[in-house]
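Student: Below is the file model34.txt, with compact mmCIF, C-alpha atoms and all ligand atoms.
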# COMPACT_ATOMS: atom_id res chain seq x y z
CA MET A 1 2.69 -8.17 -34.93
CA ALA A 2 4.97 -10.72 -33.30
CA ARG A 3 3.45 -10.79 -29.84
CA THR A 4 1.67 -8.52 -27.41
CA LEU A 5 4.07 -6.84 -25.02
CA LYS A 6 3.23 -5.97 -21.43
CA ILE A 7 4.70 -2.72 -20.20
CA LEU A 8 4.63 -1.69 -16.54
CA VAL A 9 5.41 1.91 -15.63
CA VAL A 10 5.93 2.35 -11.88
CA GLY A 11 5.66 5.99 -10.82
CA ALA A 12 5.51 7.44 -7.33
CA HIS A 13 2.50 9.70 -7.95
CA PRO A 14 -0.57 9.69 -10.18
CA ASP A 15 0.92 11.74 -13.06
CA ASP A 16 4.62 10.71 -13.05
CA ALA A 17 4.13 7.97 -15.63
CA ASP A 18 2.19 10.37 -17.87
CA PHE A 19 5.01 12.93 -17.82
CA GLN A 20 7.86 10.62 -18.72
CA PHE A 21 6.13 7.76 -20.53
CA GLY A 22 2.84 9.18 -21.88
CA GLY A 23 4.08 9.46 -25.47
CA SER A 24 5.77 6.06 -25.38
CA ALA A 25 2.61 4.53 -23.92
CA ALA A 26 0.68 5.94 -26.87
CA LEU A 27 3.18 4.35 -29.27
CA TYR A 28 2.77 0.94 -27.61
CA ARG A 29 -1.02 1.21 -27.43
CA ARG A 30 -1.17 2.17 -31.11
CA GLN A 31 0.42 -1.21 -31.89
CA GLY A 32 -1.99 -3.04 -29.57
CA HIS A 33 0.42 -3.69 -26.71
CA GLN A 34 -0.67 -3.64 -23.07
CA VAL A 35 0.47 -0.81 -20.85
CA ARG A 36 -0.18 -0.50 -17.15
CA PHE A 37 0.61 2.65 -15.17
CA LEU A 38 1.09 1.99 -11.46
CA SER A 39 1.24 4.89 -9.03
CA VAL A 40 2.76 3.63 -5.80
CA THR A 41 1.22 6.44 -3.71
CA ASN A 42 -2.19 8.07 -3.80
CA GLY A 43 -0.89 11.62 -4.28
CA SER A 44 -2.85 12.89 -1.30
CA THR A 45 -0.33 15.62 -0.37
CA GLY A 46 -0.11 17.21 -3.81
CA HIS A 47 -2.13 20.36 -3.23
CA PHE A 48 -2.06 23.64 -1.30
CA CYS A 49 -5.60 23.68 0.08
CA MET A 50 -6.93 20.15 -0.36
CA GLY A 51 -5.82 16.82 1.01
CA GLY A 52 -6.80 13.54 2.58
CA VAL A 53 -9.83 11.68 1.30
CA GLU A 54 -10.95 14.42 -1.05
CA LEU A 55 -7.63 14.81 -2.88
CA ALA A 56 -6.80 11.10 -2.97
CA ARG A 57 -10.17 10.33 -4.58
CA ARG A 58 -9.89 13.27 -6.94
CA ARG A 59 -6.44 12.17 -8.12
CA ALA A 60 -7.50 8.55 -8.53
CA GLU A 61 -10.31 9.77 -10.78
CA GLU A 62 -7.91 12.01 -12.73
CA ALA A 63 -5.61 9.03 -13.24
CA ARG A 64 -8.50 6.85 -14.38
CA ARG A 65 -9.53 9.43 -16.99
CA SER A 66 -5.92 9.85 -18.13
CA GLY A 67 -5.71 6.10 -18.63
CA GLU A 68 -8.90 6.22 -20.69
CA VAL A 69 -7.22 8.52 -23.23
CA LEU A 70 -5.09 5.57 -24.36
CA GLY A 71 -7.23 2.71 -23.08
CA LEU A 72 -4.63 1.71 -20.54
CA GLU A 73 -4.95 0.51 -16.99
CA TYR A 74 -3.97 3.17 -14.44
CA LEU A 75 -3.68 1.74 -10.92
CA VAL A 76 -3.19 3.87 -7.82
CA LEU A 77 -2.05 2.16 -4.62
CA ASP A 78 -3.50 3.51 -1.40
CA ILE A 79 -0.27 4.59 0.25
CA GLN A 80 -0.11 8.14 1.55
CA SER A 81 2.17 10.27 -0.63
CA GLY A 82 5.18 11.70 1.19
CA GLU A 83 5.22 8.68 3.49
CA LEU A 84 6.53 5.96 1.18
CA GLU A 85 9.48 4.03 2.60
CA PRO A 86 11.67 1.38 0.95
CA SER A 87 10.39 -1.17 3.44
CA LEU A 88 10.16 -4.96 3.31
CA PRO A 89 6.32 -5.05 3.23
CA TYR A 90 6.23 -2.64 0.26
CA ARG A 91 9.00 -4.60 -1.46
CA LYS A 92 6.98 -7.81 -1.13
CA MET A 93 3.87 -6.04 -2.39
CA LEU A 94 5.76 -4.91 -5.49
CA ILE A 95 7.31 -8.35 -6.04
CA GLN A 96 3.83 -9.87 -6.04
CA HIS A 97 2.51 -7.16 -8.35
CA ILE A 98 5.32 -7.71 -10.88
CA ARG A 99 4.94 -11.49 -10.73
CA GLU A 100 1.21 -11.35 -11.27
CA TYR A 101 1.40 -8.90 -14.20
CA ARG A 102 4.52 -10.51 -15.75
CA PRO A 103 5.75 -7.44 -17.65
CA ASP A 104 8.26 -7.61 -20.52
CA LEU A 105 9.53 -4.15 -19.62
CA ILE A 106 9.40 -2.07 -16.45
CA ALA A 107 10.03 1.67 -16.32
CA THR A 108 10.53 3.66 -13.13
CA HIS A 109 12.31 6.67 -11.62
CA ARG A 110 16.06 6.82 -11.10
CA PRO A 111 17.23 6.43 -7.50
CA CYS A 112 18.78 9.93 -7.47
CA ASP A 113 15.88 12.36 -7.45
CA TYR A 114 14.70 15.36 -5.44
CA HIS A 115 11.53 13.66 -4.21
CA PRO A 116 11.74 10.94 -1.56
CA ASP A 117 8.70 9.17 -3.03
CA HIS A 118 10.48 8.98 -6.41
CA ARG A 119 13.70 7.74 -4.80
CA TYR A 120 11.96 5.07 -2.76
CA THR A 121 9.80 3.93 -5.66
CA SER A 122 13.01 3.38 -7.60
CA GLN A 123 14.59 1.64 -4.63
CA LEU A 124 11.59 -0.67 -4.30
CA VAL A 125 11.76 -1.65 -7.98
CA GLN A 126 15.50 -2.25 -7.69
CA ASP A 127 15.00 -4.32 -4.54
CA ALA A 128 12.30 -6.37 -6.25
CA ALA A 129 14.35 -6.88 -9.43
CA TYR A 130 16.29 -9.93 -8.31
CA SER A 131 13.72 -11.26 -5.84
CA VAL A 132 11.01 -11.70 -8.49
CA THR A 133 13.03 -14.75 -9.63
CA VAL A 134 13.57 -16.24 -6.17
CA PRO A 135 10.97 -18.93 -5.37
CA GLY A 136 11.47 -18.67 -1.61
CA VAL A 137 10.44 -15.00 -1.58
CA CYS A 138 6.63 -14.72 -1.49
CA PRO A 139 6.42 -18.48 -2.22
CA LEU A 140 2.68 -18.53 -2.91
CA THR A 141 3.08 -16.16 -5.87
CA PRO A 142 4.69 -18.05 -8.80
CA HIS A 143 8.13 -16.57 -9.45
CA LEU A 144 9.44 -15.35 -12.79
CA SER A 145 12.12 -17.31 -14.64
CA GLU A 146 14.02 -14.08 -15.28
CA THR A 147 13.95 -10.44 -14.29
CA PRO A 148 12.39 -8.24 -16.97
CA VAL A 149 14.33 -5.44 -18.65
CA ILE A 150 14.09 -2.34 -16.45
CA VAL A 151 14.58 1.21 -17.67
CA TYR A 152 14.70 4.51 -15.83
CA LEU A 153 12.50 7.43 -16.76
CA HIS A 154 14.23 10.62 -17.83
CA ASP A 155 15.17 13.35 -15.35
CA SER A 156 17.61 16.25 -15.31
CA PHE A 157 19.49 15.55 -12.09
CA ARG A 158 23.29 15.60 -12.42
CA VAL A 159 24.56 14.18 -9.10
CA PRO A 160 25.83 11.53 -8.50
CA SER A 161 25.43 10.74 -12.20
CA PRO A 162 23.58 12.46 -15.04
CA PHE A 163 20.91 10.58 -16.97
CA ARG A 164 22.32 8.41 -19.78
CA ALA A 165 20.00 8.01 -22.76
CA ASP A 166 20.14 4.42 -23.99
CA VAL A 167 16.80 4.52 -25.80
CA VAL A 168 15.13 7.66 -27.14
CA LEU A 169 11.69 7.47 -28.76
CA ASP A 170 10.17 9.82 -31.33
CA ILE A 171 6.76 10.82 -29.92
CA ASP A 172 5.86 13.51 -32.49
CA GLU A 173 2.86 11.63 -33.88
CA VAL A 174 1.34 11.03 -30.46
CA VAL A 175 2.41 14.06 -28.46
CA GLU A 176 -1.12 15.53 -28.34
CA LYS A 177 -2.38 12.29 -26.77
CA LYS A 178 0.23 12.76 -24.08
CA MET A 179 -0.93 16.35 -23.56
CA ASP A 180 -4.53 15.10 -23.36
CA MET A 181 -3.45 12.73 -20.59
CA LEU A 182 -1.70 15.46 -18.64
CA HIS A 183 -4.77 17.68 -19.10
CA CYS A 184 -6.79 15.11 -17.08
CA HIS A 185 -4.68 15.86 -14.00
CA THR A 186 -6.46 19.14 -13.25
CA SER A 187 -5.42 19.26 -9.60
CA GLN A 188 -1.76 19.10 -10.62
CA MET A 189 -1.43 20.87 -13.98
CA TYR A 190 -3.63 23.85 -13.19
CA GLU A 191 -3.53 24.07 -9.38
CA TRP A 192 -0.77 22.46 -7.35
CA MET A 193 2.24 22.66 -9.70
CA PRO A 194 1.55 26.30 -10.72
CA TYR A 195 1.07 27.19 -7.05
CA ASN A 196 4.23 25.40 -5.97
CA GLY A 197 6.20 26.82 -8.91
CA GLY A 198 4.95 30.38 -8.38
CA TYR A 199 3.09 30.74 -11.72
CA LEU A 200 -0.52 30.24 -10.64
CA ALA A 201 -1.43 33.67 -12.08
CA GLU A 202 -0.42 32.43 -15.58
CA VAL A 203 -3.00 29.62 -15.63
CA PRO A 204 -5.88 30.58 -17.93
CA ASP A 205 -9.57 29.95 -17.24
CA GLY A 206 -11.65 27.43 -19.12
CA PRO A 207 -10.71 23.96 -20.38
CA ASP A 208 -9.81 24.92 -23.96
CA ALA A 209 -7.49 27.79 -22.99
CA ARG A 210 -5.92 25.60 -20.32
CA ARG A 211 -5.34 22.72 -22.69
CA GLU A 212 -3.62 25.04 -25.16
CA TRP A 213 -1.46 26.59 -22.42
CA LEU A 214 -0.52 23.13 -21.14
CA GLY A 215 0.49 22.00 -24.63
CA HIS A 216 2.86 24.94 -25.05
CA ARG A 217 4.37 24.39 -21.64
CA TYR A 218 4.95 20.65 -21.77
CA ARG A 219 5.72 20.02 -25.44
CA ALA A 220 8.72 22.27 -24.78
CA ARG A 221 10.06 19.77 -22.23
CA ASP A 222 9.85 16.92 -24.72
CA GLN A 223 11.52 19.13 -27.32
CA GLN A 224 14.45 19.63 -24.95
CA VAL A 225 14.77 15.86 -24.60
CA ALA A 226 14.91 15.47 -28.40
CA GLU A 227 17.58 18.19 -28.65
CA GLU A 228 19.68 16.87 -25.79
CA PHE A 229 19.74 13.31 -27.11
CA ARG A 230 19.76 14.04 -30.85
CA SER A 231 22.78 11.78 -31.39
CA VAL A 232 20.86 8.79 -30.01
CA LEU A 233 17.85 9.61 -32.21
CA LEU A 234 20.16 9.70 -35.26
CA ARG A 235 21.67 6.36 -34.31
CA LEU A 236 18.32 4.63 -33.70
CA TYR A 237 16.18 6.19 -36.47
CA GLY A 238 18.81 7.05 -39.07
CA GLU A 239 19.81 10.43 -40.44
CA ALA A 240 16.55 11.53 -42.10
CA ARG A 241 14.04 10.78 -39.38
CA GLY A 242 16.49 11.31 -36.52
CA THR A 243 17.02 14.88 -37.69
CA ARG A 244 13.27 15.56 -38.00
CA VAL A 245 12.16 14.44 -34.52
CA ARG A 246 10.88 17.37 -32.48
CA GLN A 247 9.59 15.70 -29.30
CA ALA A 248 11.04 12.65 -27.57
CA GLU A 249 11.09 10.56 -24.44
CA ALA A 250 14.32 8.96 -23.20
CA PHE A 251 15.19 5.93 -21.09
CA GLU A 252 18.27 4.63 -19.31
CA VAL A 253 18.74 0.90 -18.86
CA CYS A 254 18.95 -0.20 -15.21
CA GLU A 255 21.71 -2.74 -14.73
CA TYR A 256 19.69 -4.74 -12.17
CA GLY A 257 17.17 -5.81 -14.80
CA ALA A 258 17.83 -8.12 -17.75
CA PRO A 259 20.31 -6.63 -20.21
CA LEU A 260 18.81 -4.83 -23.20
CA THR A 261 20.69 -6.68 -25.94
CA ALA A 262 20.83 -5.67 -29.60
CA ASP A 263 18.38 -8.54 -30.29
CA GLN A 264 15.99 -7.44 -27.56
CA LEU A 265 15.97 -3.75 -28.45
CA PRO A 266 13.66 -3.95 -31.52
CA ILE A 267 11.43 -6.47 -29.74
CA LEU A 268 10.88 -4.38 -26.61
CA PHE A 269 10.93 -1.07 -28.49
CA PRO A 270 9.30 -1.96 -31.85
CA PHE A 271 9.44 1.56 -33.27
CA PHE A 272 12.67 1.83 -35.26
ZN ZN B 301 6.01 12.51 -8.67
As structure tokens, please, write out the structure in this file.
Ligand SMILES: [Zn+2]
Tutor:
Amino acid sequence: MARTLKILVVGAHPDDADFQFGGSAALYRRQGHQVRFLSVTNGSTGHFCMGGVELARRRAEEARRSGEVLGLEYLVLDIQSGELEPSLPYRKMLIQHIREYRPDLIATHRPCDYHPDHRYTSQLVQDAAYSVTVPGVCPLTPHLSETPVIVYLHDSFRVPSPFRADVVLDIDEVVEKKMDMLHCHTSQMYEWMPYNGGYLAEVPDGPDARREWLGHRYRARDQQVAEEFRSVLLRLYGEARGTRVRQAEAFEVCEYGAPLTADQLPILFPFF
């Protein structure tokens, strides 16, 4: 292995990184690279009958256990969910976080998204992108010589611009690890999201039945990604493997980070 990469996935809530980067994180971890999931909010509004201290602590523990599945660091910042703003203090906090971790690659939401926490998380990463290299901003935290490559996590929003898949990763061999991570987020997978989506009655009882149900439900999403971006899989993996891929995760390069050059691609995504 050439060198150990550091990957930073900045999600708004404790489960966003798992959904859009869980399989990719498993691929990196399998090669010994470092992956850090950072949830910018504590997720304390993500439930129908629980909140505050109890839910924030429960979700932090769920995130910790999810991180344990892959042996990655899962950090949850103590900012109330639903109340994140793209403010100067939060921007500085993120600049310092990025400078201290010194990631090779950052992944985050796109700025067009239904959820204000997702939008503002993206905005904060974008606002930090240039400033991480400016010595006069947060001068006591050593600045970076260049902005890392930044990619956006996949979503299905169409306006103002649909997601463009620049990198698509085959996660077939690790997809069950991703499902195991999602399974750790009990409050979300089996309570809040089914309640909010109107399918709470479908959720089975017992951990084994739930894990199986979850796998069916969420592998299907990753299968849609593979189908939608098949042409990119064929280009990156070649005809034989590109055709075979069943589950995938996709990323769009953010133009405010360093460019993802043809030389950089196999270094930052050493899977092709
Ligand atoms: Zn979220």
Student: Compare A:Ser66, A:Gln126, A:Ser156, A:Gln188 by their minimum atom-to-atom distance to ligand ZN 301 (chain B), counting only C-alpha atoms and all ligand atoms, and give me the closest one.
Tutor: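 For ligand ZN 301 (chain B), the nearest of the given residues is A:Gln188.
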Student: Out of A:Arg3, A:His109, A:His216, A:His154, which residue has the shortest atom-to-atom distance to ligand ZN 301 (chain B) when counting all atoms listed in the file?
Tutor: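 Between A:Arg3, A:His109, A:His216, A:His154, the residue approaching ligand ZN 301 (chain B) most closely is A:His109.
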Student: Do you know which residues are within 12 Å of ligand ZN 301 (chain B) using all atoms listed in the file? Can you write them as a compact mmCIF listing (two decimals) with C-alpha atoms, keeping the file's coordinate frame?
Tutor:
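Listing of out.txt after writing:
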# COMPACT_ATOMS: atom_id res chain seq x y z
CA VAL A 10 5.93 2.35 -11.88
CA GLY A 11 5.66 5.99 -10.82
CA ALA A 12 5.51 7.44 -7.33
CA HIS A 13 2.50 9.70 -7.95
CA PRO A 14 -0.57 9.69 -10.18
CA ASP A 15 0.92 11.74 -13.06
CA ASP A 16 4.62 10.71 -13.05
CA ALA A 17 4.13 7.97 -15.63
CA ASP A 18 2.19 10.37 -17.87
CA PHE A 19 5.01 12.93 -17.82
CA GLN A 20 7.86 10.62 -18.72
CA LEU A 38 1.09 1.99 -11.46
CA SER A 39 1.24 4.89 -9.03
CA VAL A 40 2.76 3.63 -5.80
CA THR A 41 1.22 6.44 -3.71
CA ASN A 42 -2.19 8.07 -3.80
CA GLY A 43 -0.89 11.62 -4.28
CA SER A 44 -2.85 12.89 -1.30
CA THR A 45 -0.33 15.62 -0.37
CA GLY A 46 -0.11 17.21 -3.81
CA SER A 81 2.17 10.27 -0.63
CA GLY A 82 5.18 11.70 1.19
CA LEU A 84 6.53 5.96 1.18
CA THR A 108 10.53 3.66 -13.13
CA HIS A 109 12.31 6.67 -11.62
CA ARG A 110 16.06 6.82 -11.10
CA ASP A 113 15.88 12.36 -7.45
CA TYR A 114 14.70 15.36 -5.44
CA HIS A 115 11.53 13.66 -4.21
CA PRO A 116 11.74 10.94 -1.56
CA ASP A 117 8.70 9.17 -3.03
CA HIS A 118 10.48 8.98 -6.41
CA ARG A 119 13.70 7.74 -4.80
CA TYR A 120 11.96 5.07 -2.76
CA THR A 121 9.80 3.93 -5.66
CA SER A 122 13.01 3.38 -7.60
CA LEU A 153 12.50 7.43 -16.76
CA ASP A 155 15.17 13.35 -15.35
CA GLN A 188 -1.76 19.10 -10.62
CA MET A 193 2.24 22.66 -9.70
Student: Report, in Å to a single decimal, how far apart CA of Ala2 (chain A) and CA of Arg30 (chain A) are.
Tutor: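 Atom-to-atom, CA of Arg30 (chain A) to CA of Ala2 (chain A), that is 14.4 Å.
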Student: List the spatial neighbours of Leu268 (chain A) as a ChimeraX atom specification - criterion: any atom at most 8 Å away, all atoms listed in the file, same-chain residues fewer than 3 positions off excluded.
Tutor: /A:5,104-105,264-265
Student: Return the single residue from A:Gly215, A:Gly242, A:Pro266, A:Gly67 that is closest to Val175 (chain A), with distances computed using all atoms listed in the file.
Tutor: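 The shortest atom-to-atom distance to Val175 (chain A) comes from A:Gly215.
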Student: Give as a list in words the set of residues within 10 Å of the point (19.1, 12.4, -17.2), where distances use the file's coordinates and all atoms listed in the file.
Tutor: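 Every polymer residue passing the test: Arg110, Tyr152, Leu153, His154, Asp155, Ser156, Phe157, Arg158, Val159, Ser161, Pro162, Phe163, Arg164, Ala165, Val225, Glu228, Phe229, Ala250, Phe251 and Glu252 of chain A.
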Student: Would you mind reading off the distance between CA of Gly32 (chain A) and CA of Glu173 (chain A), one decimal, in Å?
Tutor: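 About the pair CA of Gly32 (chain A) and CA of Glu173 (chain A): they are 16.0 Å apart.
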Student: Restricting the calculation to only C-alpha atoms: of A:Ile267, A:Ala129, A:Ile171, A:Met189, which residue gets closest to Glu249 (chain A)?
Tutor: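 Among the listed residues, the smallest separation from Glu249 (chain A) belongs to A:Ile171.
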Student: Suppose you want the space between CA of Leu8 (chain A) and CA of Pro103 (chain A); what is it in Å?
Tutor: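 It comes out at 6.0 Å.
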Student: Just the residues within 10 Å of Leu214 (chain A), please, counting only C-alpha atoms, with nothing from its chain fewer than 4 positions along; format it as a compact mmCIF listing (two decimals) with C-alpha atoms, in the coordinates of the input.
Tutor:
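Printed below is around-v6.txt as written:
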# COMPACT_ATOMS: atom_id res chain seq x y z
CA MET A 179 -0.93 16.35 -23.56
CA ASP A 180 -4.53 15.10 -23.36
CA LEU A 182 -1.70 15.46 -18.64
CA HIS A 183 -4.77 17.68 -19.10
CA MET A 189 -1.43 20.87 -13.98
CA TYR A 190 -3.63 23.85 -13.19
CA VAL A 203 -3.00 29.62 -15.63
CA PRO A 204 -5.88 30.58 -17.93
CA ASP A 208 -9.81 24.92 -23.96
CA ALA A 209 -7.49 27.79 -22.99
CA ARG A 210 -5.92 25.60 -20.32
CA TYR A 218 4.95 20.65 -21.77
CA ARG A 219 5.72 20.02 -25.44
CA ALA A 220 8.72 22.27 -24.78
Student: Closest to Lys178 (chain A) among A:Asp263, A:Glu54, A:Asp222, A:Glu85, using all atoms listed in the file?
Tutor: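 Residue with the minimum atom-to-atom distance to Lys178 (chain A): A:Asp222.
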